[in-house]
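Text of coords-v3.txt (compact mmCIF, C-alpha atoms) as supplied:
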# COMPACT_ATOMS: atom_id res chain seq x y z
CA MET A 1 122.43 89.83 93.94
CA ARG A 2 121.55 88.47 97.36
CA GLN A 3 119.51 90.43 99.85
CA PHE A 4 118.48 90.57 103.49
CA ILE A 5 114.83 90.26 104.56
CA LEU A 6 114.28 92.61 107.48
CA PRO A 7 112.31 91.08 110.38
CA SER A 8 108.70 92.02 111.10
CA SER A 9 109.92 94.09 114.07
CA TYR A 10 111.51 96.60 111.68
CA HIS A 11 109.35 99.69 111.10
CA GLY A 12 111.47 102.08 109.08
CA GLU A 13 114.13 103.05 111.66
CA ALA A 14 117.35 104.70 110.41
CA THR A 15 119.38 102.10 112.33
CA PHE A 16 118.40 98.60 113.30
CA ALA A 17 120.13 95.79 115.19
CA VAL A 18 119.74 92.10 114.36
CA GLU A 19 120.81 89.23 116.56
CA GLY A 20 121.08 85.42 116.58
CA LYS A 21 120.65 83.63 113.24
CA GLU A 22 120.06 86.87 111.34
CA SER A 23 123.32 88.31 112.63
CA GLN A 24 125.12 85.07 111.76
CA TYR A 25 123.71 85.22 108.23
CA LEU A 26 125.23 88.66 107.66
CA SER A 27 128.58 88.11 109.34
CA LYS A 28 129.23 84.39 108.74
CA VAL A 29 127.28 83.41 105.60
CA LEU A 30 127.63 86.62 103.58
CA ARG A 31 130.86 87.55 105.42
CA LEU A 32 130.02 91.25 105.36
CA LYS A 33 132.51 93.65 106.90
CA VAL A 34 131.84 97.01 108.54
CA GLY A 35 131.07 99.57 105.84
CA GLN A 36 129.89 97.06 103.27
CA GLN A 37 126.39 97.33 101.81
CA LEU A 38 123.54 95.02 100.93
CA LEU A 39 120.06 95.29 99.46
CA GLY A 40 117.37 94.91 102.13
CA ARG A 41 113.61 94.36 101.90
CA ASP A 42 110.99 94.82 104.58
CA GLN A 43 107.99 92.54 105.06
CA GLY A 44 105.98 94.58 102.55
CA GLY A 45 108.65 94.39 99.85
CA GLY A 46 110.06 97.91 100.38
CA LYS A 47 113.69 98.36 99.30
CA TYR A 48 116.51 99.60 101.53
CA MET A 49 120.21 100.20 101.22
CA LEU A 50 121.69 98.50 104.28
CA THR A 51 125.14 99.40 105.53
CA LEU A 52 126.85 97.32 108.19
CA GLN A 53 127.86 99.70 110.99
CA GLU A 54 129.01 97.40 113.77
CA VAL A 55 129.61 93.68 114.34
CA THR A 56 129.87 91.96 117.71
CA LYS A 57 129.78 88.28 118.63
CA ASN A 58 126.03 87.85 118.24
CA ARG A 59 124.80 91.22 116.97
CA CYS A 60 124.97 93.37 113.85
CA LEU A 61 124.01 97.04 113.67
CA LEU A 62 122.71 98.25 110.30
CA SER A 63 121.94 101.68 108.93
CA CYS A 64 118.81 101.55 106.74
CA ALA A 65 118.14 104.03 103.94
CA LYS A 66 114.92 103.51 101.98
CA VAL A 67 115.15 103.67 98.18
CA ASP A 68 112.53 103.75 95.44
CA GLN A 69 111.46 100.43 93.95
CA GLN A 70 112.73 101.52 90.53
CA ASP A 71 116.18 102.53 91.78
CA GLU A 72 119.15 100.26 91.27
CA VAL A 73 120.95 99.35 94.49
CA THR A 74 124.73 98.98 94.28
CA SER A 75 125.61 96.19 96.67
CA THR A 76 128.86 94.71 97.88
CA ASP A 77 127.44 91.39 96.64
CA THR A 78 128.30 91.25 92.93
CA LEU A 79 126.34 88.13 92.01
CA PRO A 80 124.31 88.79 88.83
CA ALA A 81 120.55 89.27 89.21
CA TYR A 82 117.54 89.11 86.91
CA ARG A 83 115.09 91.96 87.51
CA GLY A 84 112.03 90.82 85.58
CA PRO A 85 109.48 90.76 84.27
CA TYR A 86 108.21 87.80 86.29
CA PRO A 87 105.04 85.75 85.72
CA ASN A 88 102.50 86.02 88.54
CA LEU A 89 102.63 82.40 89.74
CA THR A 90 100.88 80.70 92.65
CA LEU A 91 101.97 77.18 93.58
CA LEU A 92 99.28 75.01 95.16
CA GLN A 93 101.16 71.96 96.44
CA CYS A 94 99.30 68.93 97.77
CA LEU A 95 100.67 67.61 101.04
CA CYS A 96 103.76 65.41 100.81
CA LYS A 97 105.28 63.05 103.33
CA GLY A 98 108.29 63.94 105.42
CA ARG A 99 109.75 67.39 104.88
CA LYS A 100 109.52 67.43 101.10
CA GLU A 101 107.29 70.51 101.28
CA GLU A 102 110.20 72.51 102.67
CA GLN A 103 112.32 71.61 99.65
CA ILE A 104 109.44 72.44 97.29
CA PHE A 105 108.72 75.82 98.88
CA ARG A 106 112.41 76.75 98.94
CA GLN A 107 112.92 75.91 95.27
CA ALA A 108 109.66 77.56 94.17
CA THR A 109 110.68 80.76 95.97
CA GLU A 110 114.08 80.69 94.26
CA ILE A 111 112.33 80.36 90.88
CA GLY A 112 110.16 83.37 91.68
CA VAL A 113 106.57 82.62 92.71
CA SER A 114 104.20 85.22 94.11
CA SER A 115 102.45 82.91 96.59
CA LEU A 116 102.50 79.38 98.00
CA ALA A 117 99.83 77.19 99.55
CA LEU A 118 99.45 73.63 100.84
CA VAL A 119 96.45 71.60 99.68
CA SER A 120 94.91 68.41 101.10
CA SER A 121 93.52 65.90 98.58
CA ARG A 122 92.28 62.30 98.63
CA TYR A 123 95.59 60.52 98.06
CA CYS A 124 97.76 62.67 100.31
CA ILE A 125 99.76 60.38 102.57
CA PRO A 126 99.99 62.85 105.49
CA ASP A 127 96.70 63.40 107.33
CA LEU A 128 96.91 66.62 109.29
CA SER A 129 93.23 66.79 110.27
CA GLU A 130 93.98 65.56 113.79
CA LYS A 131 97.24 67.42 114.25
CA LYS A 132 97.39 69.70 117.24
CA GLU A 133 97.70 73.42 116.66
CA HIS A 134 101.31 73.64 117.88
CA ALA A 135 102.36 70.89 115.42
CA LEU A 136 100.79 72.74 112.50
CA THR A 137 102.30 76.03 113.68
CA SER A 138 105.73 74.40 113.79
CA ARG A 139 105.22 73.03 110.27
CA PHE A 140 104.38 76.47 108.89
CA ASP A 141 107.22 78.10 110.83
CA ARG A 142 109.67 75.76 109.09
CA LEU A 143 108.15 76.57 105.70
CA GLU A 144 108.35 80.31 106.36
CA ALA A 145 112.00 79.93 107.32
CA GLN A 146 112.69 78.16 104.02
CA VAL A 147 110.92 80.91 102.07
CA LYS A 148 112.90 83.65 103.83
CA GLU A 149 116.21 81.85 103.30
CA ALA A 150 115.41 81.34 99.61
CA LEU A 151 114.46 85.00 99.14
CA GLN A 152 117.77 86.08 100.66
CA GLN A 153 119.99 83.66 98.79
CA SER A 154 118.26 84.03 95.41
CA GLY A 155 117.83 87.81 95.59
CA SER A 156 114.29 87.47 94.23
CA PRO A 157 112.60 90.90 93.98
CA LEU A 158 109.22 89.27 94.59
CA SER A 159 107.65 89.32 98.04
CA THR A 160 106.69 85.65 98.08
CA THR A 161 103.84 85.06 100.51
CA MET A 162 102.44 81.87 102.01
CA VAL A 163 98.85 80.95 102.84
CA PRO A 164 99.00 80.23 106.61
CA HIS A 165 96.60 77.27 106.55
CA ILE A 166 95.92 74.13 104.53
CA LEU A 167 93.35 74.39 101.73
CA PRO A 168 91.06 71.37 101.17
CA LEU A 169 91.00 70.56 97.46
CA GLU A 170 87.24 71.13 97.25
CA GLU A 171 87.76 74.71 98.45
CA VAL A 172 90.58 75.58 96.04
CA PRO A 173 88.41 76.85 93.11
CA LYS A 174 86.48 79.17 95.43
CA TRP A 175 89.74 80.37 97.02
CA TRP A 176 91.27 81.01 93.58
CA ASN A 177 88.08 82.82 92.49
CA ASN A 178 88.92 82.92 88.76
CA ARG A 179 91.83 85.30 89.29
CA GLY A 180 93.54 83.97 86.19
CA LEU A 181 94.58 80.80 84.39
CA ALA A 182 94.31 77.69 86.60
CA LEU A 183 96.30 74.54 85.78
CA PHE A 184 96.64 71.16 87.44
CA PHE A 185 99.35 68.70 86.54
CA HIS A 186 98.30 65.08 86.33
CA GLN A 187 101.03 62.66 85.33
CA SER A 188 98.91 59.95 83.67
CA GLU A 189 97.22 59.37 80.34
CA ARG A 190 93.52 60.28 80.27
CA GLU A 191 90.94 59.95 77.53
CA GLN A 192 90.10 63.66 77.55
CA PRO A 193 92.26 65.68 75.13
CA GLN A 194 94.62 68.01 76.96
CA PRO A 195 95.96 71.23 75.42
CA SER A 196 99.69 71.78 75.54
CA LEU A 197 101.22 74.16 78.05
CA THR A 198 102.49 76.35 75.21
CA LYS A 199 98.99 76.67 73.74
CA LEU A 200 97.42 77.51 77.11
CA LEU A 201 99.98 80.28 77.59
CA SER A 202 99.98 81.54 73.99
CA ASP A 203 98.02 84.73 74.66
CA HIS A 204 98.36 84.91 78.43
CA PRO A 205 99.66 88.31 79.68
CA ILE A 206 102.74 87.84 81.86
CA GLU A 207 101.26 89.89 84.72
CA ARG A 208 97.97 87.92 84.86
CA PRO A 209 97.89 85.33 87.70
CA ILE A 210 98.42 81.62 87.08
CA ALA A 211 97.60 78.88 89.58
CA VAL A 212 99.79 75.77 89.41
CA LEU A 213 98.22 72.85 91.28
CA VAL A 214 100.48 69.82 91.82
CA GLY A 215 99.17 66.54 93.21
CA PRO A 216 100.59 64.40 96.04
CA GLU A 217 102.64 61.22 95.71
CA GLY A 218 99.44 59.29 94.87
CA GLY A 219 98.26 61.77 92.24
CA PHE A 220 94.66 62.92 91.77
CA SER A 221 91.65 60.60 91.61
CA ASP A 222 89.43 60.62 88.49
CA GLU A 223 86.70 62.28 90.56
CA GLU A 224 89.09 65.04 91.62
CA CYS A 225 90.20 65.60 88.03
CA THR A 226 86.57 65.91 86.90
CA PHE A 227 85.81 68.30 89.77
CA LEU A 228 88.76 70.51 88.90
CA GLU A 229 87.94 70.59 85.20
CA GLU A 230 84.34 71.50 85.89
CA ALA A 231 85.62 74.30 88.14
CA GLY A 232 87.67 75.78 85.29
CA PHE A 233 91.08 74.19 85.91
CA HIS A 234 92.94 72.90 82.86
CA ALA A 235 94.59 69.48 83.06
CA VAL A 236 98.17 69.44 81.78
CA LEU A 237 100.25 66.35 81.10
CA LEU A 238 103.95 67.06 81.41
CA LYS A 239 105.63 65.45 78.42
CA THR A 240 108.53 63.93 80.29
CA ASN A 241 109.28 60.98 82.56
CA ILE A 242 107.09 60.21 85.56
CA LEU A 243 108.04 62.88 88.09
CA ARG A 244 107.97 62.81 91.84
CA SER A 245 105.64 65.33 93.46
CA GLU A 246 108.60 67.39 94.68
CA THR A 247 109.99 67.52 91.12
CA ALA A 248 106.76 68.15 89.21
CA GLY A 249 106.07 71.56 90.74
CA VAL A 250 109.58 72.86 90.10
CA TYR A 251 109.48 71.52 86.54
CA ALA A 252 106.07 73.08 85.83
CA LEU A 253 106.94 76.47 87.33
CA SER A 254 110.21 76.59 85.41
CA ALA A 255 108.51 75.68 82.11
CA ILE A 256 105.85 78.38 82.56
CA GLN A 257 108.44 80.99 83.53
CA VAL A 258 110.65 80.24 80.54
CA ILE A 259 107.74 80.32 78.07
CA LEU A 260 106.37 83.65 79.35
CA THR A 261 109.61 85.51 80.08
CA GLU A 262 111.27 84.56 76.78
CA ARG A 263 108.17 85.65 74.89
CA GLU A 264 108.09 88.92 76.85
CA THR A 265 111.74 89.74 76.28
CA LYS A 266 111.97 88.47 72.69
CA PRO A 267 113.39 91.23 70.45
CA VAL A 268 111.10 92.70 67.83
CA HIS A 269 112.52 92.72 64.28
CA LEU A 270 111.32 95.61 62.12
Let's see the structure in the file written out as structure tokens.
Amino acid sequence: MRQFILPSSYHGEATFAVEGKESQYLSKVLRLKVGQQLLGRDQGGGKYMLTLQEVTKNRCLLSCAKVDQQDEVTSTDTLPAYRGPYPNLTLLQCLCKGRKEEQIFRQATEIGVSSLALVSSRYCIPDLSEKKEHALTSRFDRLEAQVKEALQQSGSPLSTTMVPHILPLEEVPKWWNNRGLALFFHQSEREQPQPSLTKLLSDHPIERPIAVLVGPEGGFSDEECTFLEEAGFHAVLLKTNILRSETAGVYALSAIQVILTERETKPVHL
């Protein structure tokens, strides 16, 4: 079931008007008609039953009725939806060239991650250290737009958030602060034995956080791998073909989600 992410200007009003692209999304993309309903979420993840009251050329008027998080919302949109449980995943994506990060963030949000962050490492092709503030702001604005669009189209019940600045790799362990399992995916053979993903997740509670660190197009240096391992990150070799950076993160997140959710929902035979 798709949903509508209410803008930050919404503060619990009984009726609320949206304009521009947001109005177009409701009337042109979802093709809602007056009287039809849709699940809405505010910036904090609160749930609302939205009813379309009025449509003009560039404006939609909605009535907004808050509902409890546990309540099912009957929407005009009949697309099926998975309601959890979800693993608590954080994607730490090293900088990629072009606009690949937008694709990565959109797909990761569709999969169902809790948070997203960009990381700078030695072999990153883009160097944003000298970028002016407005250029970085524009970059993050585009990423936020992709996250919002993905939340709406996928109907994800998670309030995916984004770290609003770039994390240097050497600061990542301190930022993560041992919140849970930390993995980095390095697509090359190394002498050190690497546990399988299934083994690392064998007794991991689904609600406990997991950091998924994916390298740039040039991968991680040996020094970076050693630094991460000494900081408590586990190196994981994906047992598949050599993957592009924009594919590796999606592959890793999907594998983790399948392992944990299927274990969580596996029927118990008495």
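Contact shell of stretch 173-178 of chain A at 9 Å (all atoms listed in the file; same-chain neighbours under 5 positions omitted): Leu167, Ala211, Leu228, Ala231, Gly232 and Phe233 of chain A.
Rounded to one decimal, atom CA of A:Cys60 and atom CA of A:Lys21 lie 10.7 Å from each other.
Using all atoms listed in the file, the nearest neighbour of A:Lys47 within the list A:Ser154, A:Asn241, A:Ser254, A:Ser159 is A:Ser159.
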Choose the residue, out of A:Leu118, A:Cys64, A:Ala150, A:Ala14, that has the smallest atom-to-atom separation from A:Leu136; count only C-alpha atoms.
-> A:Leu118
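With only C-alpha atoms as the atoms that count, the minimum distance from A:Leu30 to the choices A:Cys94, A:Leu143, A:Val258, A:Met1 is reached by A:Met1.
The smallest atom-to-atom distance between A:Gln53 and any of A:Val212, A:Val67, A:Leu128, A:Val18, using all atoms listed in the file, is found for A:Val18.
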Centre, edges in Å (one decimal): axis-aligned box, stretch 242-258 of chain A, 6 Å padding on all six sides, as JSON:
{"center_x": 108.1, "center_y": 70.6, "center_z": 87.6, "size_x": 17.0, "size_y": 32.8, "size_z": 26.1}
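The residue that comes closest to A:Arg59, out of A:Pro87, A:Glu207, A:Gly44, A:Ser27 and on the basis of all atoms listed in the file, is A:Ser27.
Going from atom CA of A:Gln146 over to atom CA of A:Glu102, you cover 6.3 Å.
Counting from atom CA of A:Glu171, the distance to atom CA of A:Arg122 is 13.2 Å.
With distances taken over all atoms listed in the file, A:Arg41 is the one residue among A:Arg208, A:Arg41, A:Arg2, A:Arg142 lying closest to A:Gln69.
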Quick one: residues within 12 Å of A:His186, only C-alpha atoms, excluding same-chain residues fewer than 6 positions away - as a short mmCIF file (atom, residue, chain, number, x, y, z; two decimals) with C-alpha atoms, in the coordinates of the input?
data_model
loop_
_atom_site.label_atom_id
_atom_site.label_comp_id
_atom_site.auth_asym_id
_atom_site.auth_seq_id
_atom_site.Cartn_x
_atom_site.Cartn_y
_atom_site.Cartn_z
CA GLN A 194 94.62 68.01 76.96
CA VAL A 212 99.79 75.77 89.41
CA LEU A 213 98.22 72.85 91.28
CA VAL A 214 100.48 69.82 91.82
CA GLY A 215 99.17 66.54 93.21
CA PRO A 216 100.59 64.40 96.04
CA GLU A 217 102.64 61.22 95.71
CA GLY A 218 99.44 59.29 94.87
CA GLY A 219 98.26 61.77 92.24
CA PHE A 220 94.66 62.92 91.77
CA SER A 221 91.65 60.60 91.61
CA ASP A 222 89.43 60.62 88.49
CA GLU A 224 89.09 65.04 91.62
CA CYS A 225 90.20 65.60 88.03
CA THR A 226 86.57 65.91 86.90
CA LEU A 228 88.76 70.51 88.90
CA GLU A 229 87.94 70.59 85.20
CA PHE A 233 91.08 74.19 85.91
CA HIS A 234 92.94 72.90 82.86
CA ALA A 235 94.59 69.48 83.06
CA VAL A 236 98.17 69.44 81.78
CA LEU A 237 100.25 66.35 81.10
CA LEU A 238 103.95 67.06 81.41
CA LYS A 239 105.63 65.45 78.42
CA THR A 240 108.53 63.93 80.29
CA ILE A 242 107.09 60.21 85.56
CA LEU A 243 108.04 62.88 88.09
CA ARG A 244 107.97 62.81 91.84
CA SER A 245 105.64 65.33 93.46
CA ALA A 248 106.76 68.15 89.21
CA GLY A 249 106.07 71.56 90.74
CA ALA A 252 106.07 73.08 85.83
#
